[in-house]
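Asker: Got a structure for you, work36.cif, holding mmCIF, C-alpha atoms.
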data_entry
loop_
_atom_site.label_atom_id
_atom_site.label_comp_id
_atom_site.auth_asym_id
_atom_site.auth_seq_id
_atom_site.Cartn_x
_atom_site.Cartn_y
_atom_site.Cartn_z
CA MET A 1 -12.57 19.37 -9.25
CA THR A 2 -9.89 21.57 -10.77
CA PRO A 3 -6.45 21.32 -9.10
CA LEU A 4 -5.57 24.25 -6.87
CA VAL A 5 -2.98 26.71 -8.08
CA TYR A 6 -0.17 27.23 -5.62
CA THR A 7 1.57 30.58 -5.59
CA PRO A 8 5.34 30.07 -5.36
CA GLY A 9 6.72 31.72 -2.26
CA ALA A 10 3.62 31.10 -0.16
CA PRO A 11 4.12 28.75 2.81
CA LYS A 12 3.75 25.10 1.98
CA TRP A 13 1.09 23.31 3.99
CA VAL A 14 3.61 20.93 5.56
CA THR A 15 5.43 23.93 7.06
CA LEU A 16 2.30 25.21 8.81
CA SER A 17 1.92 24.11 12.42
CA SER A 18 -1.86 24.11 11.99
CA HIS A 19 -1.70 21.65 9.07
CA ARG A 20 0.77 19.42 10.88
CA ALA A 21 -1.49 19.37 13.93
CA TRP A 22 -4.45 18.50 11.69
CA LEU A 23 -2.53 15.57 10.19
CA LEU A 24 -1.65 14.23 13.63
CA GLN A 25 -5.26 14.61 14.72
CA GLN A 26 -6.42 12.59 11.70
CA ALA A 27 -3.90 9.86 12.54
CA ASP A 28 -5.11 9.84 16.14
CA ASN A 29 -8.73 9.58 14.97
CA LEU A 30 -7.88 6.60 12.78
CA PHE A 31 -6.12 4.76 15.60
CA SER A 32 -9.07 5.44 17.91
CA PHE A 33 -11.53 4.10 15.34
CA PHE A 34 -9.67 0.86 14.66
CA GLU A 35 -8.29 -0.03 18.08
CA LYS A 36 -11.64 -0.18 19.90
CA GLY A 37 -13.10 -3.11 17.96
CA CYS A 38 -10.36 -4.71 15.90
CA ILE A 39 -9.13 -7.53 18.13
CA ASN A 40 -10.69 -10.91 17.46
CA PRO A 41 -10.24 -12.92 20.69
CA LEU A 42 -9.92 -16.10 18.61
CA GLY A 43 -6.91 -14.67 16.77
CA GLY A 44 -6.20 -11.97 14.25
CA PHE A 45 -8.44 -9.00 13.63
CA TYR A 46 -12.03 -8.31 12.70
CA ASP A 47 -13.12 -6.51 9.58
CA LEU A 48 -15.08 -3.45 10.70
CA ASP A 49 -18.37 -2.14 9.37
CA ASP A 50 -19.14 1.52 8.64
CA GLU A 51 -19.61 2.29 12.32
CA GLY A 52 -16.53 0.40 13.48
CA ARG A 53 -18.35 -2.70 14.69
CA PRO A 54 -16.86 -6.13 13.90
CA PHE A 55 -18.47 -7.97 11.02
CA PRO A 56 -19.61 -11.40 12.26
CA PRO A 57 -17.15 -14.15 11.21
CA GLY A 58 -17.93 -15.24 7.66
CA ALA A 59 -20.62 -12.59 7.18
CA PRO A 60 -21.27 -11.95 3.48
CA ALA A 61 -21.32 -8.23 4.18
CA GLY A 62 -17.69 -8.50 5.19
CA GLY A 63 -16.83 -9.56 1.69
CA ARG A 64 -13.86 -11.63 2.83
CA PRO A 65 -13.58 -15.36 3.57
CA GLY A 66 -11.58 -15.82 6.75
CA ARG A 67 -8.88 -13.60 8.21
CA GLN A 68 -6.60 -12.56 5.39
CA ILE A 69 -2.89 -12.18 5.83
CA HIS A 70 -2.53 -8.71 4.38
CA SER A 71 -5.06 -7.45 6.94
CA THR A 72 -3.27 -9.09 9.88
CA THR A 73 0.16 -7.87 8.85
CA ARG A 74 -0.95 -4.33 8.03
CA MET A 75 -2.40 -3.99 11.52
CA VAL A 76 0.94 -5.06 13.01
CA HIS A 77 2.73 -2.52 10.81
CA CYS A 78 0.32 0.27 11.73
CA PHE A 79 0.41 -0.35 15.46
CA ALA A 80 4.20 -0.62 15.37
CA ILE A 81 3.95 2.94 14.05
CA ALA A 82 1.55 3.75 16.91
CA HIS A 83 4.11 2.40 19.38
CA LEU A 84 6.80 4.62 17.87
CA LEU A 85 4.41 7.55 18.19
CA GLY A 86 4.12 6.82 21.91
CA ARG A 87 0.55 5.53 21.82
CA ALA A 88 -0.27 3.59 24.96
CA GLY A 89 -1.92 0.24 24.29
CA ALA A 90 -0.39 -0.26 20.86
CA ASP A 91 1.82 -3.06 22.16
CA VAL A 92 -1.21 -5.25 22.94
CA ILE A 93 -2.33 -5.07 19.31
CA ILE A 94 1.19 -5.75 18.00
CA ASP A 95 1.50 -8.79 20.27
CA HIS A 96 -1.89 -10.10 19.17
CA GLY A 97 -1.04 -9.72 15.47
CA MET A 98 2.45 -11.16 15.73
CA ASP A 99 1.11 -14.19 17.58
CA PHE A 100 -1.51 -14.85 14.92
CA ILE A 101 0.92 -14.44 12.03
CA TRP A 102 3.11 -17.13 13.56
CA LYS A 103 0.48 -19.50 14.94
CA GLY A 104 -2.41 -18.87 12.55
CA HIS A 105 -1.12 -17.83 9.13
CA ARG A 106 2.21 -19.70 9.12
CA ASP A 107 2.17 -23.17 7.58
CA ALA A 108 4.15 -25.13 10.17
CA VAL A 109 4.36 -28.16 7.86
CA ASN A 110 5.29 -26.78 4.45
CA GLY A 111 6.54 -23.32 5.35
CA GLY A 112 5.21 -20.01 4.14
CA TYR A 113 2.03 -18.22 5.09
CA PHE A 114 -1.61 -18.94 4.23
CA TRP A 115 -3.60 -16.19 2.52
CA GLY A 116 -6.82 -16.81 4.47
CA VAL A 117 -7.35 -18.50 7.83
CA GLY A 118 -10.65 -19.69 9.28
CA TYR A 119 -11.35 -21.14 12.71
CA ASP A 120 -10.74 -24.79 11.91
CA ALA A 121 -8.61 -24.71 8.77
CA PRO A 122 -7.28 -22.31 6.14
CA THR A 123 -9.98 -20.73 4.01
CA ASP A 124 -7.39 -20.09 1.30
CA ALA A 125 -4.19 -22.12 1.64
CA THR A 126 -2.41 -20.55 -1.32
CA LYS A 127 0.96 -18.89 -0.76
CA GLN A 128 0.77 -15.48 -2.44
CA ALA A 129 3.61 -13.03 -2.99
CA TYR A 130 1.36 -10.11 -2.09
CA GLY A 131 0.68 -11.54 1.36
CA HIS A 132 4.28 -12.57 1.93
CA ALA A 133 5.42 -9.04 1.10
CA PHE A 134 3.31 -7.76 3.97
CA VAL A 135 4.69 -10.39 6.33
CA LEU A 136 8.13 -8.93 5.57
CA LEU A 137 6.81 -5.40 6.20
CA ALA A 138 5.22 -6.42 9.51
CA ALA A 139 8.40 -8.17 10.66
CA SER A 140 10.51 -5.14 9.73
CA SER A 141 8.23 -2.63 11.45
CA ALA A 142 7.97 -4.84 14.53
CA LYS A 143 11.76 -5.02 14.66
CA VAL A 144 12.07 -1.23 14.58
CA ALA A 145 9.47 -1.08 17.36
CA GLY A 146 11.55 -3.56 19.39
CA HIS A 147 9.19 -6.53 19.42
CA PRO A 148 10.91 -9.66 20.80
CA ASP A 149 9.57 -11.97 18.08
CA ALA A 150 10.48 -9.72 15.16
CA ASP A 151 13.84 -11.30 14.37
CA ARG A 152 12.30 -14.79 14.28
CA LEU A 153 9.64 -13.64 11.83
CA LEU A 154 12.08 -11.60 9.73
CA THR A 155 14.43 -14.57 9.36
CA ASP A 156 11.63 -16.95 8.45
CA ILE A 157 9.91 -14.76 5.87
CA SER A 158 13.24 -13.78 4.29
CA THR A 159 14.10 -17.47 3.88
CA VAL A 160 10.71 -18.26 2.36
CA LEU A 161 10.99 -15.38 -0.11
CA ALA A 162 14.50 -16.42 -1.14
CA GLU A 163 13.75 -20.14 -1.49
CA HIS A 164 10.32 -20.03 -3.13
CA PHE A 165 9.40 -16.64 -4.56
CA TRP A 166 12.47 -14.81 -5.80
CA GLU A 167 13.35 -15.37 -9.47
CA LYS A 168 16.92 -14.34 -10.09
CA ASP A 169 16.78 -13.98 -13.87
CA PRO A 170 14.05 -11.32 -14.12
CA GLY A 171 15.01 -9.99 -10.70
CA ALA A 172 11.48 -10.06 -9.30
CA THR A 173 9.07 -12.32 -7.45
CA ALA A 174 6.89 -15.14 -8.69
CA GLU A 175 3.24 -14.72 -7.81
CA GLU A 176 1.47 -17.67 -6.24
CA PHE A 177 1.88 -21.29 -5.12
CA THR A 178 -0.29 -24.06 -3.76
CA GLN A 179 -0.02 -25.10 -0.13
CA ASP A 180 2.75 -27.59 -0.96
CA TRP A 181 4.62 -25.12 -3.20
CA LYS A 182 3.51 -26.16 -6.66
CA PRO A 183 3.23 -23.18 -9.05
CA TYR A 184 -0.38 -21.98 -9.03
CA ASP A 185 -0.27 -20.56 -12.58
CA LYS A 186 2.06 -18.64 -14.87
CA TYR A 187 0.82 -15.18 -13.95
CA ARG A 188 3.28 -12.48 -12.88
CA GLY A 189 2.07 -9.20 -11.43
CA GLN A 190 3.41 -5.78 -10.62
CA ASN A 191 1.20 -5.24 -7.54
CA SER A 192 2.87 -7.89 -5.42
CA ASN A 193 6.29 -6.75 -6.62
CA MET A 194 5.50 -3.13 -5.78
CA HIS A 195 4.55 -4.03 -2.21
CA LEU A 196 7.57 -6.27 -1.93
CA THR A 197 9.69 -3.26 -2.91
CA GLU A 198 8.14 -1.31 -0.05
CA ALA A 199 8.79 -4.19 2.35
CA LEU A 200 12.35 -4.78 1.14
CA MET A 201 13.24 -1.16 1.82
CA ALA A 202 11.76 -1.47 5.32
CA ALA A 203 13.76 -4.67 5.89
CA PHE A 204 16.93 -2.91 4.75
CA GLU A 205 16.30 -0.06 7.18
CA ALA A 206 15.53 -2.46 10.03
CA SER A 207 18.45 -4.82 9.47
CA GLY A 208 21.10 -2.96 7.46
CA ASP A 209 21.35 -5.92 5.07
CA GLY A 210 22.10 -4.53 1.60
CA ASP A 211 20.66 -7.59 -0.17
CA TYR A 212 17.17 -6.29 0.58
CA LEU A 213 17.96 -2.97 -1.07
CA ARG A 214 19.46 -4.61 -4.16
CA MET A 215 16.32 -6.73 -4.60
CA ALA A 216 14.16 -3.60 -4.37
CA GLU A 217 16.28 -1.86 -6.99
CA SER A 218 15.99 -4.88 -9.27
CA ILE A 219 12.19 -4.90 -9.09
CA ALA A 220 11.97 -1.17 -9.74
CA ASP A 221 14.22 -1.52 -12.77
CA LEU A 222 12.05 -4.25 -14.28
CA ILE A 223 8.61 -2.80 -13.52
CA VAL A 224 9.24 0.92 -13.96
CA ARG A 225 12.41 1.67 -15.91
CA ARG A 226 11.65 -0.96 -18.52
CA HIS A 227 7.91 -1.63 -18.63
CA ALA A 228 6.34 1.63 -17.47
CA ALA A 229 8.68 3.80 -19.53
CA GLN A 230 7.95 1.73 -22.65
CA ASN A 231 4.21 2.14 -22.06
CA GLY A 232 4.18 5.93 -21.90
CA TRP A 233 4.30 5.86 -18.06
CA ARG A 234 0.93 4.09 -17.91
CA LEU A 235 2.27 1.43 -15.58
CA PRO A 236 1.31 -2.11 -16.70
CA GLU A 237 -0.13 -4.48 -14.11
CA HIS A 238 -0.21 -7.98 -15.58
CA PHE A 239 2.46 -10.16 -17.18
CA THR A 240 3.16 -13.65 -18.43
CA GLN A 241 5.67 -15.97 -16.78
CA ASP A 242 8.53 -14.55 -18.87
CA TRP A 243 7.48 -10.96 -18.04
CA GLN A 244 5.78 -10.10 -21.31
CA LEU A 245 2.91 -7.63 -20.94
CA ASP A 246 -0.52 -9.29 -20.93
CA LYS A 247 -3.03 -6.60 -21.90
CA ASP A 248 -5.96 -9.01 -21.97
CA TYR A 249 -5.61 -10.28 -18.40
CA SER A 250 -8.50 -9.71 -16.00
CA GLY A 251 -8.44 -11.18 -12.51
CA SER A 252 -9.59 -10.22 -9.03
CA PRO A 253 -11.42 -6.87 -9.18
CA MET A 254 -9.73 -5.85 -5.94
CA PHE A 255 -6.15 -6.91 -6.60
CA ARG A 256 -5.86 -7.63 -10.34
CA PRO A 257 -8.39 -5.59 -12.35
CA TYR A 258 -8.24 -5.33 -16.12
CA GLY A 259 -6.32 -2.42 -17.59
CA THR A 260 -4.18 -0.03 -15.60
CA THR A 261 -4.51 1.34 -12.08
CA PRO A 262 -3.36 4.98 -11.62
CA GLY A 263 -3.18 4.59 -7.85
CA HIS A 264 -0.22 2.28 -8.38
CA TRP A 265 1.53 4.86 -10.54
CA LEU A 266 1.28 7.24 -7.59
CA GLU A 267 2.47 4.59 -5.15
CA TRP A 268 5.52 3.88 -7.27
CA ALA A 269 6.21 7.63 -7.59
CA ARG A 270 6.84 7.76 -3.84
CA LEU A 271 8.64 4.42 -3.58
CA LEU A 272 11.09 5.38 -6.32
CA LEU A 273 12.15 8.49 -4.44
CA GLN A 274 12.51 6.56 -1.20
CA LEU A 275 14.63 4.01 -3.07
CA TRP A 276 16.73 6.81 -4.55
CA GLU A 277 17.42 8.24 -1.10
CA LEU A 278 18.15 4.88 0.53
CA GLY A 279 20.56 3.96 -2.27
CA GLY A 280 22.58 7.13 -1.80
CA ARG A 281 21.01 8.86 -4.82
CA LYS A 282 23.13 6.74 -7.18
CA LEU A 283 20.37 5.60 -9.57
CA ASP A 284 19.77 8.86 -11.40
CA TRP A 285 16.76 7.59 -13.40
CA LEU A 286 14.56 7.29 -10.32
CA PRO A 287 13.54 10.97 -9.73
CA ASP A 288 12.57 11.57 -13.36
CA ALA A 289 10.59 8.34 -13.46
CA SER A 290 8.78 9.39 -10.29
CA LYS A 291 7.76 12.71 -11.82
CA HIS A 292 6.61 11.07 -15.05
CA LEU A 293 4.43 8.58 -13.16
CA PHE A 294 2.86 11.27 -10.99
CA ARG A 295 2.10 13.60 -13.88
CA GLN A 296 0.60 10.80 -15.98
CA ALA A 297 -1.53 9.62 -13.06
CA VAL A 298 -3.09 13.02 -12.40
CA LYS A 299 -3.53 13.62 -16.13
CA ASP A 300 -5.30 10.34 -16.87
CA GLY A 301 -6.72 9.31 -13.51
CA TRP A 302 -8.13 12.45 -11.87
CA ASP A 303 -11.75 13.42 -12.55
CA ILE A 304 -11.38 17.10 -13.36
CA GLU A 305 -15.11 17.77 -12.85
CA ARG A 306 -15.94 15.93 -9.62
CA GLY A 307 -12.54 15.04 -8.21
CA GLY A 308 -10.95 11.80 -7.09
CA PHE A 309 -8.96 9.18 -8.96
CA TYR A 310 -10.75 6.61 -11.09
CA TYR A 311 -9.88 3.13 -9.90
CA SER A 312 -8.87 1.67 -13.26
CA LEU A 313 -8.31 2.88 -16.80
CA GLU A 314 -8.44 1.51 -20.32
CA TRP A 315 -5.18 1.25 -22.21
CA ASP A 316 -5.81 4.64 -23.87
CA GLY A 317 -6.09 6.32 -20.45
CA SER A 318 -9.89 6.67 -20.42
CA PRO A 319 -11.82 5.60 -17.29
CA ARG A 320 -12.88 1.96 -16.97
CA ILE A 321 -13.95 1.54 -13.33
CA ARG A 322 -15.16 5.01 -12.40
CA ASP A 323 -15.55 4.40 -8.64
CA ARG A 324 -13.16 6.40 -6.50
CA TYR A 325 -11.34 4.41 -3.84
CA TRP A 326 -9.67 6.01 -0.84
CA TRP A 327 -6.27 4.43 -1.32
CA PRO A 328 -5.24 6.09 -4.63
CA CYS A 329 -5.83 9.47 -2.98
CA CYS A 330 -3.68 8.34 -0.05
CA GLU A 331 -0.90 7.33 -2.42
CA GLY A 332 -1.28 10.64 -4.24
CA ILE A 333 -0.68 12.44 -0.94
CA GLY A 334 2.46 10.43 -0.24
CA ALA A 335 3.85 10.95 -3.73
CA ALA A 336 3.05 14.68 -3.79
CA ALA A 337 4.67 15.13 -0.36
CA PHE A 338 7.87 13.39 -1.47
CA LEU A 339 8.03 15.23 -4.79
CA ASN A 340 7.28 18.52 -3.07
CA ALA A 341 10.14 17.95 -0.64
CA ILE A 342 12.69 16.79 -3.22
CA ASP A 343 11.72 18.71 -6.37
CA GLY A 344 9.89 21.77 -5.05
CA ASP A 345 7.87 22.46 -8.21
CA ALA A 346 4.70 24.37 -7.30
CA PHE A 347 2.77 21.77 -9.34
CA PHE A 348 3.24 19.20 -6.57
CA GLU A 349 2.16 21.53 -3.76
CA GLY A 350 -1.00 22.32 -5.72
CA TRP A 351 -1.81 18.65 -6.05
CA TYR A 352 -0.98 17.96 -2.41
CA ARG A 353 -3.62 20.50 -1.39
CA THR A 354 -6.15 19.40 -4.00
CA ILE A 355 -6.05 15.74 -2.97
CA TRP A 356 -6.28 16.52 0.74
CA ASN A 357 -9.26 18.80 0.11
CA PHE A 358 -11.03 15.96 -1.69
CA ILE A 359 -10.21 13.45 1.05
CA ALA A 360 -11.42 15.79 3.79
CA ALA A 361 -14.67 16.55 1.98
CA ARG A 362 -15.51 13.09 0.66
CA PHE A 363 -13.64 10.24 2.35
CA ILE A 364 -13.25 11.20 6.01
CA ASP A 365 -16.38 10.02 7.81
CA LYS A 366 -17.09 12.81 10.28
CA VAL A 367 -20.13 11.00 11.70
CA HIS A 368 -18.93 7.47 12.47
CA GLY A 369 -15.16 7.85 12.19
CA GLY A 370 -12.67 6.22 9.86
CA TRP A 371 -12.69 6.81 6.12
CA HIS A 372 -15.17 5.66 3.51
CA ALA A 373 -13.54 3.04 1.30
CA GLN A 374 -15.16 3.88 -2.02
CA LEU A 375 -17.46 6.36 -3.74
CA ASP A 376 -19.58 5.98 -6.85
CA ASP A 377 -19.51 8.35 -9.82
CA ASP A 378 -21.81 10.75 -7.93
CA LEU A 379 -19.36 10.69 -5.01
CA LYS A 380 -21.75 8.81 -2.74
CA ALA A 381 -20.37 6.05 -0.50
CA ASN A 382 -20.96 2.57 -1.92
CA ALA A 383 -19.59 -0.97 -1.57
CA ASN A 384 -18.18 -3.92 -3.52
CA PRO A 385 -15.41 -4.93 -3.60
CA PHE A 386 -14.78 -3.03 -0.35
CA TYR A 387 -17.19 -3.18 2.58
CA GLY A 388 -17.27 -1.14 5.76
CA LYS A 389 -13.98 0.39 6.90
CA PRO A 390 -11.51 -2.26 5.71
CA ASP A 391 -8.12 -0.69 6.16
CA LEU A 392 -6.01 1.53 8.40
CA TYR A 393 -2.75 1.24 6.46
CA HIS A 394 -3.24 3.59 3.50
CA ALA A 395 -5.03 6.37 5.37
CA LEU A 396 -2.59 6.33 8.29
CA GLN A 397 0.43 6.56 6.00
CA ALA A 398 -1.12 9.50 4.13
CA CYS A 399 -1.39 11.36 7.43
CA LEU A 400 2.17 10.67 8.56
CA ILE A 401 4.33 10.65 5.43
CA PRO A 402 4.10 14.46 4.97
CA LEU A 403 5.34 15.00 8.53
CA LEU A 404 8.54 13.01 8.11
CA PRO A 405 11.76 13.23 6.09
CA SER A 406 11.71 11.89 2.53
CA THR A 407 14.83 9.86 3.23
CA GLY A 408 13.09 6.71 4.36
CA SER A 409 10.02 4.97 5.67
CA ILE A 410 7.63 6.10 8.39
CA THR A 411 9.22 3.86 11.03
CA ARG A 412 12.68 5.19 10.27
CA GLY A 413 11.41 8.75 10.26
CA LEU A 414 9.77 8.34 13.66
CA LEU A 415 13.02 7.05 15.11
CA THR A 416 14.94 10.14 13.96
CA THR A 417 12.41 12.94 14.55
CA GLY A 418 10.36 14.24 17.42
CA VAL A 419 6.97 13.63 15.79
CA ARG A 420 4.51 12.33 18.39
CA LEU A 421 0.74 12.16 18.81
#
Translate the structure described by the file into structure tokens.

Answerer:
Amino acid sequence: MTPLVYTPGAPKWVTLSSHRAWLLQQADNLFSFFEKGCINPLGGFYDLDDEGRPFPPGAPAGGRPGRQIHSTTRMVHCFAIAHLLGRAGADVIIDHGMDFIWKGHRDAVNGGYFWGVGYDAPTDATKQAYGHAFVLLAASSAKVAGHPDADRLLTDISTVLAEHFWEKDPGATAEEFTQDWKPYDKYRGQNSNMHLTEALMAAFEASGDGDYLRMAESIADLIVRRHAAQNGWRLPEHFTQDWQLDKDYSGSPMFRPYGTTPGHWLEWARLLLQLWELGGRKLDWLPDASKHLFRQAVKDGWDIERGGFYYSLEWDGSPRIRDRYWWPCCEGIGAAAFLNAIDGDAFFEGWYRTIWNFIAARFIDKVHGGWHAQLDDDLKANANPFYGKPDLYHALQACLIPLLPSTGSITRGLLTTGVRL
């Protein structure tokens, strides 16, 4: 699928009222799909199948043991956005998620938050940086939405991050601990640090505390300015305890696959520009790094014949896992929208249109609703490691980021603009 050529001077899609209305309609469709069957009356949220029905608890088809913290917290974040958009009923879902984060995922004895929670005990009692990053994001978004328990959660998760996860010397987070806070292993990863960067910026916006912003800048410096730049902008994923690149590492196929993951290059491309804006445009390396990451991602990761981003790549940039997942396309939309707004090169408008065309044709499920999670090399929907319709977060953000200023997060943008469903 060859990228579209944009003619300079023609209206950009984000300036067209018809495109903006289409984006809002897609966001509305996503909320409608998830809100009707997501609430688990025993706490937290159900994973949904292809038709939006809850997977039975513990069902193998769900692919996930217990209710996982990143799912709970992302739903809180997304429905905090729904509240800010004026969506009636969003508050019920926020309340439900906030209650379960505090009473279900939080370890009341040792502190911190369990990765997976069953109905009698944790299904995975480890304390993972990735999950804790999303607790910070949920707390920050809930605070912007005015939830009464947001400050309690924000204070608690900030304390946990500072006391257990943050490593001052490298200026980044450790990865994983046992239930009683013993180091799980010596692995360090960029994925958890990337999402912590996103959450730290949201916490800065919600609270005004500059320490959050300085931590985000520190992570970006380590992961991108040093490691990604030294690796030809093919962003490394896996590291040793002293932050040396580990090219041989292979872990969870969903969260820590072997090789490199171009979707994360795209995600960082947007986050770097947001960080640049929030920091008063002082760190002048951020915009160039963003452009390098985006250009390398579309060069290596996009299938020029069929379209879509390969999930993972070998170290020479060739495809490794050829399945196309929805979330790299979502991150490509966010990055292209930010770059298009800040840089204005026609290259980014062309890619913005190309990625949306692929999403609309291949990922949006026009029959059952929601978006397909993954496609095989023939662009047919398949499964493993994702099952059903597992996530609202990425798709929703792709629909809303282009509608809002590039100076901050979605929640901040909704507070300062008139965008409504």

Asker: Tell me which of A:Val144, A:Ala335, A:Leu153, A:Ala121 sits closest to Phe204 of chain A, counting only C-alpha atoms.

Answerer: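 The answer is A:Val144, which sits nearest to Phe204 of chain A.
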
Asker: Using only C-alpha atoms, find the one residue out of A:Ala150, A:Leu84, A:Ala216, A:Ile39 that sits nearest to Thr411 of chain A.

Answerer: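 Ranked by minimum distance to Thr411 of chain A, first place goes to A:Leu84.
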
Asker: Check what the PyMOL selection byres ((chain A and resi 96-110) around 7) selects in the file above and give those residues as a PDB file with C-alpha atoms, in the coordinates of the input.

Answerer:
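Below you can see out.pdb, which holds the result:
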ATOM      1  CA  GLY A  43      -6.910 -14.670  16.770  1.00  0.00           C
ATOM      2  CA  GLY A  44      -6.200 -11.970  14.250  1.00  0.00           C
ATOM      3  CA  ILE A  69      -2.890 -12.180   5.830  1.00  0.00           C
ATOM      4  CA  THR A  72      -3.270  -9.090   9.880  1.00  0.00           C
ATOM      5  CA  THR A  73       0.160  -7.870   8.850  1.00  0.00           C
ATOM      6  CA  VAL A  76       0.940  -5.060  13.010  1.00  0.00           C
ATOM      7  CA  VAL A  92      -1.210  -5.250  22.940  1.00  0.00           C
ATOM      8  CA  ILE A  93      -2.330  -5.070  19.310  1.00  0.00           C
ATOM      9  CA  ILE A  94       1.190  -5.750  18.000  1.00  0.00           C
ATOM     10  CA  ASP A  95       1.500  -8.790  20.270  1.00  0.00           C
ATOM     11  CA  GLY A 111       6.540 -23.320   5.350  1.00  0.00           C
ATOM     12  CA  GLY A 112       5.210 -20.010   4.140  1.00  0.00           C
ATOM     13  CA  TYR A 113       2.030 -18.220   5.090  1.00  0.00           C
ATOM     14  CA  PHE A 114      -1.610 -18.940   4.230  1.00  0.00           C
ATOM     15  CA  VAL A 117      -7.350 -18.500   7.830  1.00  0.00           C
ATOM     16  CA  ASP A 180       2.750 -27.590  -0.960  1.00  0.00           C
TER      17      ASP A 180
END

Asker: Using Å and a single decimal, report how far atom CA of Asn40 of chain A sits from atom CA of Pro390 of chain A.

Answerer: 14.6 Å

Asker: Could you give me, as a Markdown table, a per-residue list for segment 338-388 of chain A showing, wherever an atom lies at most 10 Å from an atom of segment 254-264 of chain A, the closest pair of atoms and their distance in Å to one decimal, using only C-alpha atoms and sorting by chain then residue number from low to high?

Answerer:
| residue | atom | partner | partner_atom | distance |
| --- | --- | --- | --- | --- |
| A:Asn384 | CA | A:Met254 | CA | 9.0 |
| A:Pro385 | CA | A:Met254 | CA | 6.2 |
| A:Phe386 | CA | A:Met254 | CA | 8.0 |

Asker: Neighbouring residues of Arg214 of chain A were defined as those with any atom within 10 Å, considering all atoms listed in the file; residues of the same chain fewer than 6 positions away were excluded. Please report them as number ranges by chain.

Answerer: A: 171, 197, 200-201, 204, 220, 275, 279

Asker: Go ahead and find all residues with at least one atom no further than 9 Å from (18.7, 6.6, 4.1) in the file's coordinates, using only C-alpha atoms; report them as a PyMOL selection string.

Answerer: chain A and resi 205+274-280+406-409+412

Asker: I need the chosen residues saved as a PDB file, in the coordinates of the input, with C-alpha atoms.

Answerer:
ATOM      1  CA  GLU A 205      16.300  -0.060   7.180  1.00  0.00           C
ATOM      2  CA  GLN A 274      12.510   6.560  -1.200  1.00  0.00           C
ATOM      3  CA  LEU A 275      14.630   4.010  -3.070  1.00  0.00           C
ATOM      4  CA  TRP A 276      16.730   6.810  -4.550  1.00  0.00           C
ATOM      5  CA  GLU A 277      17.420   8.240  -1.100  1.00  0.00           C
ATOM      6  CA  LEU A 278      18.150   4.880   0.530  1.00  0.00           C
ATOM      7  CA  GLY A 279      20.560   3.960  -2.270  1.00  0.00           C
ATOM      8  CA  GLY A 280      22.580   7.130  -1.800  1.00  0.00           C
ATOM      9  CA  SER A 406      11.710  11.890   2.530  1.00  0.00           C
ATOM     10  CA  THR A 407      14.830   9.860   3.230  1.00  0.00           C
ATOM     11  CA  GLY A 408      13.090   6.710   4.360  1.00  0.00           C
ATOM     12  CA  SER A 409      10.020   4.970   5.670  1.00  0.00           C
ATOM     13  CA  ARG A 412      12.680   5.190  10.270  1.00  0.00           C
TER      14      ARG A 412
END

Asker: I need the residue nearest Leu24 of chain A from this list: A:Ile355, A:Ala88, A:Asp288, A:Ala82. Use all atoms listed in the file for the distance.

Answerer: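 Of the candidates, the smallest distance to Leu24 of chain A is held by A:Ala82.
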